[in-house]
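K.L.:
The structure's right below; bear with me while I get my questions together.
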Amino acid sequence: MPSGTHRSEVKASLEQVQAFIRDPDRWEPLMPGYIKHEIVSARESVWTFKADLGFTKKAVELKLELEEGADPSRVAFRLTGLSDPVEGSGSFEAAAAGAAASLVGSLDISGKGLMAMMMNSVMKEFVPRAVEQLTAATAAAIEERAAG
């Protein structure tokens, strides 16, 4: 299963990081290749972005469903492909780091069906790069909001 994890230090309080990651409307636009997203309900949205898969770029549409959770420092979600046969999961986790905080983003996505092997081989480079860029952009957006 193609996966990636990235950690960023954030010059903001733990509470500011928690508030930001609990609202996907804030971080969904930060996905590399972002085209649009639509909030369907408090726990569900549809995310559209252009994925650079090396040999081609294509629009990908995923349903994002937030998982139930009482921990304000962790936001987890499930992903279901609407445009392609993929499924996966991801999360953001915040932790205190002295006067600042840290943010860890993770993403696992795998192909399903007949094309799974080919899709997974292509995504093994895309997923780690995407989670690194998304986590770094989210950390920068939190810092910008905290400073303003």
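Ligands are numbered from 1 in the order shown, residues from 1 within each chain, and chains are lettered A, B, ... in the order they appear in the structure tokens.
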According to DSSP computed on the backbone, where in region 57-113 of chain A is there strand (DSSP E or B)? Give the residues as a ChimeraX atom specification.

P.N.:
/A:57-66,74-81,86-97,100-111

K.L.:
What would the file look like if the residues just selected were written as a PDB file, in the first residue's frame with C-alpha atoms?

P.N.:
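Output file part.pdb follows:
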```pdb
ATOM      1  CA  LYS A  57      -1.377  14.335 -14.621  1.00  0.00           C
ATOM      2  CA  LYS A  58      -5.001  13.564 -13.962  1.00  0.00           C
ATOM      3  CA  ALA A  59      -7.897  14.910 -11.952  1.00  0.00           C
ATOM      4  CA  VAL A  60      -8.712  12.677  -8.989  1.00  0.00           C
ATOM      5  CA  GLU A  61     -11.932  12.877  -7.000  1.00  0.00           C
ATOM      6  CA  LEU A  62     -12.054  11.365  -3.509  1.00  0.00           C
ATOM      7  CA  LYS A  63     -14.732  11.186  -0.849  1.00  0.00           C
ATOM      8  CA  LEU A  64     -13.242  12.121   2.527  1.00  0.00           C
ATOM      9  CA  GLU A  65     -15.061  10.873   5.631  1.00  0.00           C
ATOM     10  CA  LEU A  66     -13.892  12.050   9.037  1.00  0.00           C
ATOM     11  CA  ARG A  74      -5.872  13.738  16.188  1.00  0.00           C
ATOM     12  CA  VAL A  75      -8.018  13.952  13.086  1.00  0.00           C
ATOM     13  CA  ALA A  76      -8.387  10.753  11.072  1.00  0.00           C
ATOM     14  CA  PHE A  77     -10.224  10.211   7.814  1.00  0.00           C
ATOM     15  CA  ARG A  78     -11.092   7.534   5.280  1.00  0.00           C
ATOM     16  CA  LEU A  79     -10.759   8.104   1.549  1.00  0.00           C
ATOM     17  CA  THR A  80     -12.827   6.464  -1.177  1.00  0.00           C
ATOM     18  CA  GLY A  81     -12.113   7.008  -4.852  1.00  0.00           C
ATOM     19  CA  VAL A  86      -8.784   3.573  -4.780  1.00  0.00           C
ATOM     20  CA  GLU A  87      -9.267   3.606  -1.049  1.00  0.00           C
ATOM     21  CA  GLY A  88      -7.219   4.724   1.866  1.00  0.00           C
ATOM     22  CA  SER A  89      -6.910   6.650   5.074  1.00  0.00           C
ATOM     23  CA  GLY A  90      -5.019   9.509   6.558  1.00  0.00           C
ATOM     24  CA  SER A  91      -4.589  11.611   9.650  1.00  0.00           C
ATOM     25  CA  PHE A  92      -3.130  14.693  11.217  1.00  0.00           C
ATOM     26  CA  GLU A  93      -1.729  14.503  14.735  1.00  0.00           C
ATOM     27  CA  ALA A  94      -0.669  17.482  16.818  1.00  0.00           C
ATOM     28  CA  ALA A  95       1.607  17.431  19.853  1.00  0.00           C
ATOM     29  CA  ALA A  96       3.158  20.022  22.126  1.00  0.00           C
ATOM     30  CA  ALA A  97       6.815  20.708  21.342  1.00  0.00           C
ATOM     31  CA  ALA A 100       5.475  25.411  19.755  1.00  0.00           C
ATOM     32  CA  ALA A 101       3.798  22.300  18.398  1.00  0.00           C
ATOM     33  CA  SER A 102       4.472  19.540  15.943  1.00  0.00           C
ATOM     34  CA  LEU A 103       2.181  18.276  13.224  1.00  0.00           C
ATOM     35  CA  VAL A 104       2.405  14.791  11.740  1.00  0.00           C
ATOM     36  CA  GLY A 105       0.476  14.022   8.585  1.00  0.00           C
ATOM     37  CA  SER A 106       0.045  10.523   7.231  1.00  0.00           C
ATOM     38  CA  LEU A 107      -1.613   9.096   4.153  1.00  0.00           C
ATOM     39  CA  ASP A 108      -2.160   5.558   2.859  1.00  0.00           C
ATOM     40  CA  ILE A 109      -3.839   4.991  -0.499  1.00  0.00           C
ATOM     41  CA  SER A 110      -4.086   1.818  -2.516  1.00  0.00           C
ATOM     42  CA  GLY A 111      -5.636   0.827  -5.797  1.00  0.00           C
TER      43      GLY A 111
END
```

K.L.:
What's around region 134-148 of chain A at 6 Å? Count only C-alpha atoms, leave out sequence neighbours fewer than 6 positions away in its own chain, and write the answer as a ChimeraX atom specification.

P.N.:
/A:10-12,30-31,105

K.L.:
Output N, CA, C and O atoms for every residue in that selection, as a compact mmCIF listing (two decimals), in the first residue's frame.

P.N.:
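To be explicit, this is the file written out as out.txt:
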```
# COMPACT_ATOMS: atom_id res chain seq x y z
N VAL A 10 5.65 23.52 14.08
CA VAL A 10 4.71 24.63 13.85
C VAL A 10 4.92 25.67 14.95
O VAL A 10 4.84 25.36 16.13
N LYS A 11 5.17 26.92 14.54
CA LYS A 11 5.33 28.01 15.50
C LYS A 11 3.94 28.54 15.85
O LYS A 11 3.51 29.60 15.38
N ALA A 12 3.24 27.74 16.64
CA ALA A 12 1.89 28.07 17.09
C ALA A 12 1.61 27.20 18.31
O ALA A 12 2.32 26.22 18.56
N LEU A 30 -5.16 22.95 0.64
CA LEU A 30 -3.70 22.95 0.68
C LEU A 30 -3.09 21.71 0.01
O LEU A 30 -1.88 21.62 -0.13
N MET A 31 -3.93 20.79 -0.42
CA MET A 31 -3.45 19.59 -1.11
C MET A 31 -2.77 19.99 -2.41
O MET A 31 -3.30 20.82 -3.16
N GLY A 105 1.50 14.42 9.55
CA GLY A 105 0.48 14.02 8.58
C GLY A 105 0.82 12.66 8.03
O GLY A 105 2.00 12.34 7.83
```

K.L.:
Could you pull out the helix (DSSP H, G or I) residues of chain A, going by DSSP on the backbone, and write them as a ChimeraX atom specification?

P.N.:
/A:14-21,24-30,113-147

K.L.:
Quick one, how far is CA of Pro24 (chain A) from CA of Pro85 (chain A)?

P.N.:
22.8 Å

K.L.:
Would you work out the distance separating CA of Ser83 (chain A) from CA of His37 (chain A), expressed in Å to one decimal?

P.N.:
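Result for CA of Ser83 (chain A) versus CA of His37 (chain A): 14.0 Å, one decimal.
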
K.L.:
So how far away is CA of Met1 (chain A) from CA of Pro32 (chain A), in Å?

P.N.:
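Result for CA of Pro32 (chain A) versus CA of Met1 (chain A): 20.2 Å, one decimal.
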
K.L.:
If you count only C-alpha atoms, which residues fall within 9 Å of Pro128 (chain A), apart from same-chain ones fewer than 3 positions away, as a CSV table (one decimal) with N, CA and C atoms, in the first residue's frame?

P.N.:
```csv
chain,number,residue,atom,x,y,z
A,2,PRO,N,0.8,2.1,-1.0
A,2,PRO,CA,1.6,3.3,-1.0
A,2,PRO,C,1.2,4.2,0.2
A,3,SER,N,2.2,4.6,1.0
A,3,SER,CA,2.0,5.4,2.2
A,3,SER,C,3.1,6.4,2.4
A,4,GLY,N,2.8,7.4,3.2
A,4,GLY,CA,3.8,8.4,3.6
A,4,GLY,C,3.4,9.1,4.9
A,5,THR,N,4.4,9.5,5.6
A,5,THR,CA,4.3,10.3,6.8
A,5,THR,C,5.2,11.4,6.8
A,6,HIS,N,4.8,12.6,7.3
A,6,HIS,CA,5.7,13.7,7.3
A,6,HIS,C,5.4,14.5,8.6
A,106,SER,N,-0.2,11.8,7.8
A,106,SER,CA,0.0,10.5,7.2
A,106,SER,C,-1.1,10.2,6.2
A,107,LEU,N,-0.7,9.4,5.2
A,107,LEU,CA,-1.6,9.1,4.2
A,107,LEU,C,-1.3,7.7,3.6
A,108,ASP,N,-2.3,6.9,3.5
A,108,ASP,CA,-2.2,5.6,2.9
A,108,ASP,C,-3.2,5.5,1.8
A,123,MET,N,1.6,5.2,-7.6
A,123,MET,CA,1.3,6.0,-6.4
A,123,MET,C,2.4,5.9,-5.3
A,124,LYS,N,3.3,4.9,-5.4
A,124,LYS,CA,4.3,4.8,-4.3
A,124,LYS,C,5.2,6.0,-4.2
A,125,GLU,N,5.4,6.7,-5.3
A,125,GLU,CA,6.1,8.0,-5.3
A,125,GLU,C,5.2,9.2,-5.0
A,131,VAL,N,1.9,13.9,0.8
A,131,VAL,CA,1.7,14.0,2.3
A,131,VAL,C,2.7,15.0,2.8
A,132,GLU,N,3.9,15.0,2.3
A,132,GLU,CA,4.9,15.9,2.7
A,132,GLU,C,4.5,17.4,2.4
A,133,GLN,N,4.1,17.6,1.2
A,133,GLN,CA,3.7,18.9,0.7
A,133,GLN,C,2.4,19.4,1.5
```
